[in-house]
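> run.csv is the file, holding CSV, C-alpha atoms:
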```csv
chain,number,residue,atom,x,y,z
A,1475,MET,CA,21.9,-37.5,-124.9
A,1476,GLN,CA,21.9,-40.5,-127.0
A,1477,ALA,CA,25.4,-41.4,-125.9
A,1478,SER,CA,24.3,-41.3,-122.3
A,1479,ILE,CA,21.3,-43.5,-123.0
A,1480,SER,CA,23.5,-46.1,-124.7
A,1481,ARG,CA,25.9,-46.0,-121.8
A,1482,VAL,CA,23.1,-46.7,-119.4
A,1483,LYS,CA,22.1,-49.6,-121.7
A,1484,VAL,CA,25.6,-51.0,-121.7
A,1485,HIS,CA,25.8,-50.6,-117.9
A,1486,LEU,CA,22.4,-52.3,-117.4
A,1487,SER,CA,23.2,-55.2,-119.7
A,1488,ARG,CA,26.5,-55.8,-117.9
A,1489,TRP,CA,24.7,-55.7,-114.7
A,1490,LEU,CA,22.2,-58.2,-115.9
A,1491,ALA,CA,24.9,-60.4,-117.3
A,1492,GLY,CA,26.6,-60.4,-113.9
A,1493,SER,CA,23.4,-61.2,-112.1
A,1494,LEU,CA,22.8,-64.1,-114.3
A,1495,LEU,CA,26.3,-65.3,-113.9
A,1496,GLY,CA,25.9,-65.1,-110.1
A,1497,LEU,CA,22.6,-67.0,-110.2
A,1498,LEU,CA,24.0,-69.5,-112.6
A,1499,ALA,CA,27.0,-70.1,-110.3
A,1500,ALA,CA,24.7,-70.6,-107.4
A,1501,GLY,CA,22.3,-72.6,-109.5
A,1502,THR,CA,24.9,-75.3,-110.3
A,1503,VAL,CA,25.1,-75.9,-106.6
A,1504,PHE,CA,21.4,-76.5,-106.3
A,1505,ALA,CA,20.8,-77.8,-109.8
A,1506,GLY,CA,19.0,-81.2,-110.0
A,1507,ASN,CA,16.8,-81.8,-107.0
A,1508,TRP,CA,17.3,-85.5,-107.7
A,1509,LEU,CA,20.9,-86.4,-107.2
A,1510,PRO,CA,22.5,-88.8,-109.8
A,1511,LEU,CA,22.9,-92.3,-108.3
A,1512,ALA,CA,26.7,-92.0,-108.4
A,1513,LYS,CA,26.6,-88.9,-106.2
A,1514,ASP,CA,23.8,-89.8,-103.7
A,1515,GLY,CA,26.3,-90.9,-101.1
A,1516,VAL,CA,24.8,-94.4,-100.8
A,1517,HIS,CA,25.4,-96.0,-104.2
A,1518,ASP,CA,29.0,-97.0,-104.8
A,1519,PRO,CA,30.1,-94.8,-107.7
A,1520,ARG,CA,32.4,-97.6,-108.9
A,1521,SER,CA,29.5,-100.1,-109.1
A,1522,PRO,CA,28.2,-100.8,-112.6
A,1523,ALA,CA,24.7,-100.0,-111.3
A,1524,ALA,CA,25.6,-96.3,-111.0
A,1525,LYS,CA,25.8,-96.2,-114.8
A,1526,GLN,CA,23.1,-98.7,-115.8
A,1527,LEU,CA,20.1,-98.0,-113.5
A,1528,GLN,CA,17.5,-95.4,-114.2
A,1529,GLU,CA,18.3,-92.1,-112.7
A,1530,PRO,CA,15.6,-90.7,-110.2
A,1531,LYS,CA,15.5,-87.4,-112.2
A,1532,GLU,CA,14.5,-89.2,-115.4
A,1533,ALA,CA,11.5,-90.9,-113.8
A,1534,LEU,CA,10.4,-88.4,-111.2
A,1535,SER,CA,10.8,-85.1,-112.9
A,1536,ARG,CA,7.8,-86.0,-115.1
A,1537,LEU,CA,5.4,-86.5,-112.2
A,1538,THR,CA,3.4,-84.1,-110.1
A,1539,PRO,CA,5.9,-82.2,-108.0
A,1540,ASP,CA,6.0,-82.1,-104.2
A,1541,THR,CA,8.1,-80.1,-101.8
A,1542,THR,CA,9.3,-83.1,-99.8
A,1543,GLY,CA,10.1,-86.8,-99.8
A,1544,ASN,CA,10.7,-88.0,-103.3
A,1545,GLN,CA,9.4,-84.5,-104.5
A,1546,VAL,CA,6.5,-86.4,-106.0
A,1547,ARG,CA,2.8,-86.2,-105.1
A,1548,TRP,CA,2.4,-89.9,-105.5
A,1549,VAL,CA,-1.3,-90.0,-104.8
A,1550,LEU,CA,-2.0,-87.2,-107.3
A,1551,SER,CA,0.3,-88.7,-109.8
A,1552,LEU,CA,-1.7,-92.0,-109.6
A,1553,GLU,CA,-5.0,-90.2,-109.8
A,1554,LYS,CA,-4.0,-88.2,-112.9
A,1555,GLY,CA,-2.7,-91.4,-114.6
A,1556,GLU,CA,0.8,-90.2,-114.8
A,1557,ILE,CA,1.8,-93.6,-113.4
A,1558,ASN,CA,-0.1,-96.8,-113.7
A,1559,PRO,CA,1.4,-99.3,-111.3
A,1560,ARG,CA,0.4,-102.9,-111.5
A,1561,GLU,CA,-1.9,-104.0,-108.7
A,1562,LYS,CA,-1.3,-107.7,-108.7
A,1563,LEU,CA,1.2,-110.3,-109.9
A,1564,LEU,CA,-0.6,-113.5,-109.1
A,1565,PRO,CA,-3.7,-114.1,-111.2
A,1566,GLU,CA,-5.7,-115.3,-108.2
A,1567,THR,CA,-5.2,-112.1,-106.1
A,1568,LYS,CA,-8.3,-110.1,-105.4
A,1569,VAL,CA,-7.7,-106.4,-105.6
A,1570,ARG,CA,-9.6,-104.8,-102.8
A,1571,LYS,CA,-10.5,-101.1,-102.5
A,1572,LEU,CA,-12.5,-99.0,-100.1
A,1573,ASP,CA,-13.8,-95.5,-100.3
A,1574,GLN,CA,-14.4,-94.4,-96.7
A,1575,ASP,CA,-13.0,-91.6,-94.6
A,1576,ILE,CA,-12.2,-92.0,-91.0
A,1577,LEU,CA,-12.0,-89.0,-88.7
A,1578,LEU,CA,-9.4,-89.4,-85.9
A,1579,ASN,CA,-8.1,-87.3,-83.0
A,1580,LEU,CA,-11.5,-85.9,-82.3
A,1581,LYS,CA,-10.6,-84.3,-79.0
A,1582,GLY,CA,-7.1,-83.0,-79.5
A,1583,GLY,CA,-5.8,-79.5,-80.2
A,1584,MET,CA,-4.6,-80.0,-83.7
A,1585,PRO,CA,-7.0,-80.1,-86.6
A,1586,ILE,CA,-8.8,-83.4,-86.9
A,1587,VAL,CA,-7.2,-86.2,-88.8
A,1588,ARG,CA,-9.0,-87.4,-91.9
A,1589,PHE,CA,-7.9,-90.8,-93.0
A,1590,PRO,CA,-9.0,-91.5,-96.5
A,1591,HIS,CA,-9.3,-95.3,-97.2
A,1592,LYS,CA,-9.6,-94.6,-100.9
A,1593,GLN,CA,-6.1,-93.2,-101.5
A,1594,HIS,CA,-4.6,-95.8,-99.3
A,1595,THR,CA,-6.3,-98.8,-100.9
A,1596,GLU,CA,-5.2,-97.6,-104.3
A,1597,TRP,CA,-1.7,-98.6,-103.1
A,1598,LEU,CA,-2.2,-101.0,-100.2
A,1599,ASP,CA,-4.3,-104.1,-99.4
A,1600,CYS,CA,-6.5,-104.2,-96.3
A,1601,SER,CA,-4.3,-106.9,-94.8
A,1602,ASN,CA,-1.3,-104.5,-94.8
A,1603,CYS,CA,-2.9,-102.5,-91.9
A,1604,HIS,CA,-5.6,-104.7,-90.5
A,1605,ASP,CA,-5.5,-106.1,-88.0
A,1606,GLN,CA,-1.8,-106.0,-87.1
A,1607,LEU,CA,-1.3,-102.2,-87.2
A,1608,PHE,CA,-4.9,-101.1,-86.6
A,1609,GLU,CA,-8.1,-102.8,-85.4
A,1610,GLN,CA,-10.9,-102.5,-88.0
A,1611,LYS,CA,-13.2,-100.9,-85.5
A,1612,THR,CA,-12.8,-97.1,-85.4
A,1613,GLY,CA,-11.3,-96.0,-82.1
A,1614,ALA,CA,-10.3,-99.5,-81.0
A,1615,THR,CA,-6.7,-98.8,-81.6
A,1616,LYS,CA,-5.1,-96.0,-79.5
A,1617,ILE,CA,-3.1,-94.0,-82.1
A,1618,SER,CA,-0.5,-91.6,-80.9
A,1619,MET,CA,2.2,-89.4,-82.4
A,1620,PHE,CA,4.6,-91.0,-79.9
A,1621,ASN,CA,4.1,-94.3,-81.6
A,1622,ILE,CA,4.0,-92.8,-85.1
A,1623,LEU,CA,7.3,-90.9,-84.6
A,1624,GLN,CA,8.9,-94.2,-83.6
A,1625,GLY,CA,7.9,-95.8,-86.9
A,1626,GLU,CA,4.8,-97.6,-85.7
A,1627,GLN,CA,1.2,-97.3,-86.9
A,1628,CYS,CA,1.0,-94.6,-89.6
A,1629,GLY,CA,4.8,-94.1,-89.2
A,1630,VAL,CA,5.5,-97.5,-90.8
A,1631,CYS,CA,5.0,-95.8,-94.1
A,1632,HIS,CA,4.8,-92.1,-93.4
A,1633,GLY,CA,8.3,-91.0,-92.7
A,1634,ALA,CA,9.8,-93.9,-94.7
A,1635,VAL,CA,8.1,-94.0,-98.1
A,1636,ALA,CA,4.9,-92.0,-97.9
A,1637,PHE,CA,5.0,-88.2,-97.3
A,1638,PRO,CA,7.2,-87.6,-94.2
A,1639,LEU,CA,6.0,-86.8,-90.7
A,1640,THR,CA,7.0,-83.1,-91.0
A,1641,GLU,CA,3.9,-82.5,-93.1
A,1642,CYS,CA,1.6,-82.3,-90.1
A,1643,TYR,CA,-1.3,-80.7,-91.8
A,1644,ARG,CA,-1.7,-83.2,-94.6
A,1645,CYS,CA,-3.2,-85.6,-92.0
A,1646,HIS,CA,-4.4,-83.0,-89.5
A,1647,SER,CA,-6.5,-81.5,-92.2
A,1648,VAL,CA,-10.0,-80.9,-90.9
A,1649,VAL,CA,-10.1,-77.6,-89.0
A,1650,ARG,CA,-12.2,-77.6,-85.9
A,1651,PRO,CA,-14.9,-74.9,-85.4
A,1652,GLY,CA,-13.2,-71.7,-84.4
A,1653,GLN,CA,-9.7,-72.8,-85.5
A,1654,THR,CA,-7.8,-70.5,-87.8
A,1655,THR,CA,-6.7,-71.8,-91.1
A,1656,ASN,CA,-3.6,-69.6,-91.2
A,1657,LEU,CA,-1.3,-72.3,-92.5
A,1658,PRO,CA,1.5,-72.4,-95.0
A,1659,THR,CA,0.1,-72.8,-98.5
A,1660,HIS,CA,1.6,-76.1,-99.2
A,1661,MET,CA,0.0,-77.4,-96.0
A,1662,ASN,CA,-3.4,-75.9,-96.8
A,1663,PRO,CA,-5.9,-78.3,-95.3
A,1664,GLN,CA,-8.5,-77.3,-97.9
A,1665,PHE,CA,-6.5,-79.5,-100.3
A,1666,HIS,CA,-7.7,-82.6,-98.5
A,1667,LYS,CA,-11.3,-81.8,-98.1
A,1668,PRO,CA,-13.8,-83.4,-100.5
A,1669,GLY,CA,-13.8,-81.3,-103.6
A,1670,GLY,CA,-10.8,-79.4,-102.4
A,1671,VAL,CA,-8.5,-77.9,-105.0
A,1672,GLY,CA,-4.8,-78.7,-104.8
A,1673,PRO,CA,-1.9,-76.5,-105.5
B,1440,MET,CA,37.6,-53.4,-120.2
B,1441,ARG,CA,37.8,-52.2,-116.7
B,1442,LYS,CA,34.3,-50.7,-117.0
B,1443,LEU,CA,33.1,-54.1,-118.2
B,1444,LEU,CA,34.6,-55.8,-115.2
B,1445,THR,CA,33.2,-53.3,-112.7
B,1446,GLY,CA,29.7,-53.7,-114.2
B,1447,LEU,CA,30.0,-57.4,-114.1
B,1448,ARG,CA,31.2,-57.4,-110.6
B,1449,GLY,CA,28.3,-55.3,-109.4
B,1450,GLY,CA,25.8,-57.7,-111.0
B,1451,LEU,CA,27.7,-60.7,-109.8
B,1452,PHE,CA,27.4,-59.4,-106.3
B,1453,VAL,CA,23.7,-59.0,-106.6
B,1454,GLY,CA,23.3,-62.5,-108.1
B,1455,LEU,CA,25.3,-64.0,-105.2
B,1456,VAL,CA,23.3,-62.1,-102.7
B,1457,LEU,CA,20.1,-63.4,-104.3
B,1458,ALA,CA,21.6,-66.9,-104.2
B,1459,LEU,CA,22.5,-66.5,-100.5
B,1460,ALA,CA,18.9,-65.5,-99.8
B,1461,ALA,CA,17.9,-68.7,-101.5
B,1462,VAL,CA,20.3,-70.7,-99.4
B,1463,LEU,CA,18.9,-69.2,-96.2
B,1464,PHE,CA,15.3,-69.9,-97.2
B,1465,VAL,CA,15.7,-73.2,-98.9
B,1466,ASP,CA,16.6,-76.3,-96.9
B,1467,ILE,CA,19.7,-77.7,-98.6
B,1468,GLN,CA,20.9,-81.1,-97.8
B,1469,ASP,CA,24.1,-82.9,-98.3
B,1470,ALA,CA,24.6,-85.8,-100.6
B,1471,GLN,CA,21.7,-88.2,-100.1
B,1472,ALA,CA,20.0,-91.1,-101.8
B,1473,GLU,CA,16.3,-90.9,-102.5
B,1474,TYR,CA,13.7,-90.9,-99.8
B,1475,GLY,CA,12.6,-94.5,-99.1
B,1476,ASP,CA,15.7,-96.2,-100.6
B,1477,VAL,CA,16.2,-99.3,-98.5
B,1478,VAL,CA,19.7,-100.6,-97.9
B,1479,ILE,CA,19.9,-104.3,-97.0
B,1480,ASN,CA,23.1,-105.6,-95.6
B,1481,ASN,CA,22.1,-108.8,-93.8
B,1482,HIS,CA,24.7,-111.0,-95.5
B,1483,SER,CA,26.3,-108.8,-98.2
B,1484,ASP,CA,29.3,-107.5,-96.4
B,1485,ALA,CA,30.1,-110.9,-94.9
B,1486,ALA,CA,29.9,-112.3,-98.4
B,1487,THR,CA,32.2,-109.5,-99.7
B,1488,MET,CA,29.4,-108.2,-101.9
B,1489,ARG,CA,28.2,-104.6,-101.9
B,1490,PRO,CA,25.0,-104.2,-99.8
B,1491,VAL,CA,21.7,-104.2,-101.7
B,1492,ILE,CA,19.9,-101.0,-102.5
B,1493,PHE,CA,16.1,-101.3,-103.0
B,1494,PRO,CA,14.7,-98.1,-104.6
B,1495,HIS,CA,11.1,-97.7,-103.5
B,1496,TRP,CA,10.6,-94.8,-106.0
B,1497,PHE,CA,11.5,-96.9,-109.0
B,1498,HIS,CA,9.3,-99.8,-108.0
B,1499,ARG,CA,6.2,-97.8,-107.0
B,1500,VAL,CA,6.1,-96.1,-110.4
B,1501,ARG,CA,5.5,-99.7,-111.7
B,1502,PHE,CA,3.8,-101.6,-108.9
B,1503,ALA,CA,1.4,-100.8,-106.1
B,1504,CYS,CA,2.7,-101.4,-102.6
B,1505,LYS,CA,0.3,-104.3,-102.2
B,1506,VAL,CA,2.0,-106.4,-104.9
B,1507,CYS,CA,5.1,-106.9,-102.8
B,1508,HIS,CA,3.8,-106.2,-99.3
B,1509,ALA,CA,0.6,-108.3,-99.5
B,1510,ASP,CA,1.1,-110.9,-102.4
B,1511,LEU,CA,4.8,-111.5,-101.9
B,1512,GLY,CA,4.8,-111.2,-98.2
B,1513,PHE,CA,7.4,-108.5,-97.7
B,1514,LYS,CA,7.2,-107.2,-94.1
B,1515,PHE,CA,7.4,-103.4,-93.6
B,1516,LYS,CA,10.8,-103.7,-92.0
B,1517,ALA,CA,14.2,-103.0,-93.6
B,1518,GLY,CA,16.3,-106.1,-93.3
B,1519,GLY,CA,13.4,-107.9,-91.5
B,1520,ASN,CA,12.5,-110.4,-94.3
B,1521,ASP,CA,15.5,-112.8,-94.0
B,1522,ILE,CA,16.0,-112.7,-97.7
B,1523,ASN,CA,18.9,-114.7,-99.2
B,1524,MET,CA,19.9,-115.6,-102.7
B,1525,VAL,CA,18.6,-119.2,-102.4
B,1526,LYS,CA,15.1,-117.9,-101.8
B,1527,ILE,CA,15.3,-115.4,-104.6
B,1528,ILE,CA,16.5,-118.0,-107.1
B,1529,ASP,CA,13.6,-120.1,-105.8
B,1530,GLY,CA,11.2,-117.4,-106.9
B,1531,GLN,CA,10.5,-115.9,-103.5
B,1532,PHE,CA,10.7,-112.2,-102.6
B,1533,CYS,CA,12.7,-110.3,-105.3
B,1534,GLY,CA,12.8,-113.5,-107.3
B,1535,ALA,CA,9.0,-113.3,-108.0
B,1536,CYS,CA,9.9,-110.7,-110.6
B,1537,HIS,CA,13.6,-110.7,-110.9
B,1538,ASN,CA,13.6,-114.0,-112.9
B,1539,GLY,CA,14.3,-112.7,-116.4
B,1540,GLU,CA,10.6,-112.5,-117.2
B,1541,VAL,CA,9.1,-109.5,-115.4
B,1542,ALA,CA,12.5,-108.0,-114.6
B,1543,TRP,CA,16.1,-108.8,-115.0
B,1544,SER,CA,17.3,-112.0,-113.5
B,1545,VAL,CA,19.7,-112.8,-110.7
B,1546,GLU,CA,22.8,-113.0,-112.7
B,1547,ASN,CA,22.9,-109.2,-112.7
B,1548,CYS,CA,24.4,-109.2,-109.2
B,1549,ASN,CA,25.8,-105.7,-109.4
B,1550,LEU,CA,22.6,-104.0,-110.3
B,1551,CYS,CA,21.1,-104.6,-106.8
B,1552,HIS,CA,24.4,-105.1,-104.9
B,1553,SER,CA,25.4,-101.5,-105.5
B,1554,ALA,CA,25.8,-99.7,-102.2
B,1555,LYS,CA,29.1,-98.5,-100.8
B,1556,PRO,CA,30.6,-101.4,-98.8
B,1557,GLY,CA,29.8,-101.2,-95.1
B,1558,THR,CA,26.6,-99.3,-95.5
B,1559,PRO,CA,24.3,-100.5,-92.7
B,1560,THR,CA,20.7,-101.8,-93.2
B,1561,GLN,CA,18.4,-98.8,-93.2
B,1562,VAL,CA,15.5,-96.9,-94.7
B,1563,HIS,CA,17.4,-94.0,-96.2
B,1564,GLU,CA,16.1,-90.5,-95.5
B,1565,SER,CA,13.4,-91.7,-93.2
B,1566,THR,CA,12.0,-89.1,-90.8
B,1567,ILE,CA,13.1,-91.3,-87.9
B,1568,GLN,CA,16.6,-91.4,-89.3
B,1569,LYS,CA,16.7,-87.7,-89.6
B,1570,LEU,CA,14.9,-86.6,-86.4
B,1571,ALA,CA,15.3,-89.4,-84.0
B,1572,GLN,CA,18.3,-91.6,-84.7
B,1573,PRO,CA,18.7,-93.4,-81.3
B,1574,SER,CA,22.1,-92.9,-79.8
B,1575,GLY,CA,24.3,-96.0,-80.2
B,1576,ALA,CA,22.5,-97.0,-83.5
B,1577,SER,CA,24.7,-97.4,-86.5
B,1578,GLN,CA,24.9,-94.1,-88.3
B,1579,LYS,CA,24.1,-93.9,-92.0
B,1580,LYS,CA,27.3,-92.4,-93.1
```
Could you rewrite the structure in this file as structure tokens?

Amino acid sequence: MQASISRVKVHLSRWLAGSLLGLLAAGTVFAGNWLPLAKDGVHDPRSPAAKQLQEPKEALSRLTPDTTGNQVRWVLSLEKGEINPREKLLPETKVRKLDQDILLNLKGGMPIVRFPHKQHTEWLDCSNCHDQLFEQKTGATKISMFNILQGEQCGVCHGAVAFPLTECYRCHSVVRPGQTTNLPTHMNPQFHKPGGVGP
Amino acid sequence: MRKLLTGLRGGLFVGLVLALAAVLFVDIQDAQAEYGDVVINNHSDAATMRPVIFPHWFHRVRFACKVCHADLGFKFKAGGNDINMVKIIDGQFCGACHNGEVAWSVENCNLCHSAKPGTPTQVHESTIQKLAQPSGASQKK
């Protein structure tokens, strides 16, 4: 009886060890979501920079994680104080911020877009968007996904440095009356509503 | 010994099946630089220097976008700023910080000029590059 129990134990432990080995083997393939500079396909591995510059993993693994882009929730990271980027270089620069939400795409089929000035002006100055990319008057600029997907309007940043254009529901975040909220959890629009709790 | 191997093999199989499931459900990408890394190759190749890589992720940990894109006048366009070393040494563009005071100075050529030779000007990993690279445009690889 005891012998058979111990045999089962041995068997199980081998099994577990094997599973772990298998996962480990696979893990090495996916290990490190941030590639080392020398292996990112753009840096020249023979360049001295590949050895001297800070590795993305070192800086970014400490910040609030995301599933896309740099795998960092930059806005949350800033709000939480994980990073504290300087806002001006020149002493005479006036740092301007605005806390005002704009609702866009009021008549479309997707959930309504809520554009929060607050999070944007933490990073950007008014002049970065107004009036070249967008008129200051709400509705005065015709905004379309056609332009955005070509890297214009919101697409100047979103799809290049801010969260990418594949994250539809982070902008289209205000559900219309009667619309279902059956969305993937990481795209949950509740996250963006005032007082919403993030993942 | 043979029993050990059989046991291990069974487990190994399960582990690999789990891994395969992960492969199928996780989007795995080939070797790539960070999202938002800008490669600038306006003059570099012609001057037999490696093209410049500007890592947005590194800079935005330390500076808000507005510092460079409002105060220093960087346009939101990869390669669209007509930057050259004379301007940088004069304190314009990168030279506003890369002057040995805020950040390392211009004699560290290789720290910026660090891309594989021949890499075209681009915003690396951009949605447009991934989804809508126009035919005829220079490819990233």
> Which is closer to A:Gly1543 than all the others in A:Ile1617, A:Val1516, A:Ile1557, A:Leu1639, using only C-alpha atoms?
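Comparing A:Ile1617, A:Val1516, A:Ile1557, A:Leu1639 against A:Gly1543, the winner is A:Leu1639.
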> Could you check the closest approach to chain A for each of B:Val1491, B:Ala1472, B:Ala1542, B:Val1478 and tell me which residue wins, using only C-alpha atoms?
B:Ala1472
> Find, counting all atoms listed in the file, the residue in A:Asp1599, A:Asp1573, A:Asp1540, A:Glu1556 that gets nearest to chain B.
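That would be A:Asp1599, the residue with the smallest distance to chain B.
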> Identify which of the residues B:Val1541, B:Ala1554, B:Cys1548, B:Ala1517 lies closest to chain A, counting only C-alpha atoms when measuring atom-to-atom distances.
B:Ala1554
> Give me, as JSON, numbers by chain, all polymer residues having an atom no more than 7 Å from stretch 1631-1638 of chain A, counting only C-alpha atoms and skipping those fewer than 6 positions away in the same chain.
{"A": [1543], "B": [1474, 1475, 1562, 1565, 1566, 1567]}
> Any idea what the distance is between atom CA of B:Trp1543 and atom CA of A:Arg1520?
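Computing it gives 20.7 Å between the two atoms.
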> Could you pull out every residue with an atom within 10 Å of (4.3, -109.9, -106.1), file coordinates, counting only C-alpha atoms, and send them as an MDAnalysis selection string?
(chainID A and resid 1560:1564 1567) or (chainID B and resid 1502:1513 1531:1536)
> Which residue is closest to B:Phe1497? Choose from A:Asn1602, A:Asn1544, A:Gln1653, A:Ser1618 and count all atoms listed in the file.
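Of all the options, A:Asn1544 lies closest to B:Phe1497.
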> Report, in Å to a single decimal, how far apart atom CA of A:Val1587 and atom CA of A:Arg1644 are.
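If I compute the distance from atom CA of A:Arg1644 to atom CA of A:Val1587, I get 8.5 Å.
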> Stretch 1552-1565 of chain B, all listed atoms, 4 Å padding on each side: what axis-aligned box centre and edge lengths in Å to one decimal come out, as lines of an AutoDock Vina configuration file?

```
center_x = 22.0
center_y = -97.8
center_z = -99.1
size_x = 25.2
size_y = 22.6
size_z = 20.8
```
> Just the number, please: distance in Å from atom CA of B:Ile1528 to atom CA of B:Val1545, one decimal.
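Result for atom CA of B:Ile1528 versus atom CA of B:Val1545: 7.1 Å, one decimal.
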> So, with all atoms listed in the file as the atoms that count, which of B:Thr1560, B:Thr1487, B:Ser1553, B:Asn1481 lies closest to A:His1517?
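Closest residue, counting all atoms listed in the file: B:Ser1553.
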> Please list as a ChimeraX atom specification every residue within 12 Å of A:Lys1513, counting all atoms listed in the file and excluding residues in the same chain fewer than 5 positions away.
/A:1506,1508,1518-1521,1524-1525,1529-1530 /B:1469-1473,1554-1555
> Skipping near chain neighbours, those fewer than 5 positions away, what residues fall within 9 Å of A:Gln1593 using all atoms listed in the file, listed as a compact mmCIF listing (two decimals) with C-alpha atoms, in the frame of the given file?

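This went into around28.txt:
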```
# COMPACT_ATOMS: atom_id res chain seq x y z
CA VAL A 1549 -1.30 -90.00 -104.80
CA GLU A 1553 -5.00 -90.20 -109.80
CA LEU A 1572 -12.50 -99.00 -100.10
CA ASP A 1573 -13.80 -95.50 -100.30
CA LEU A 1598 -2.20 -101.00 -100.20
```
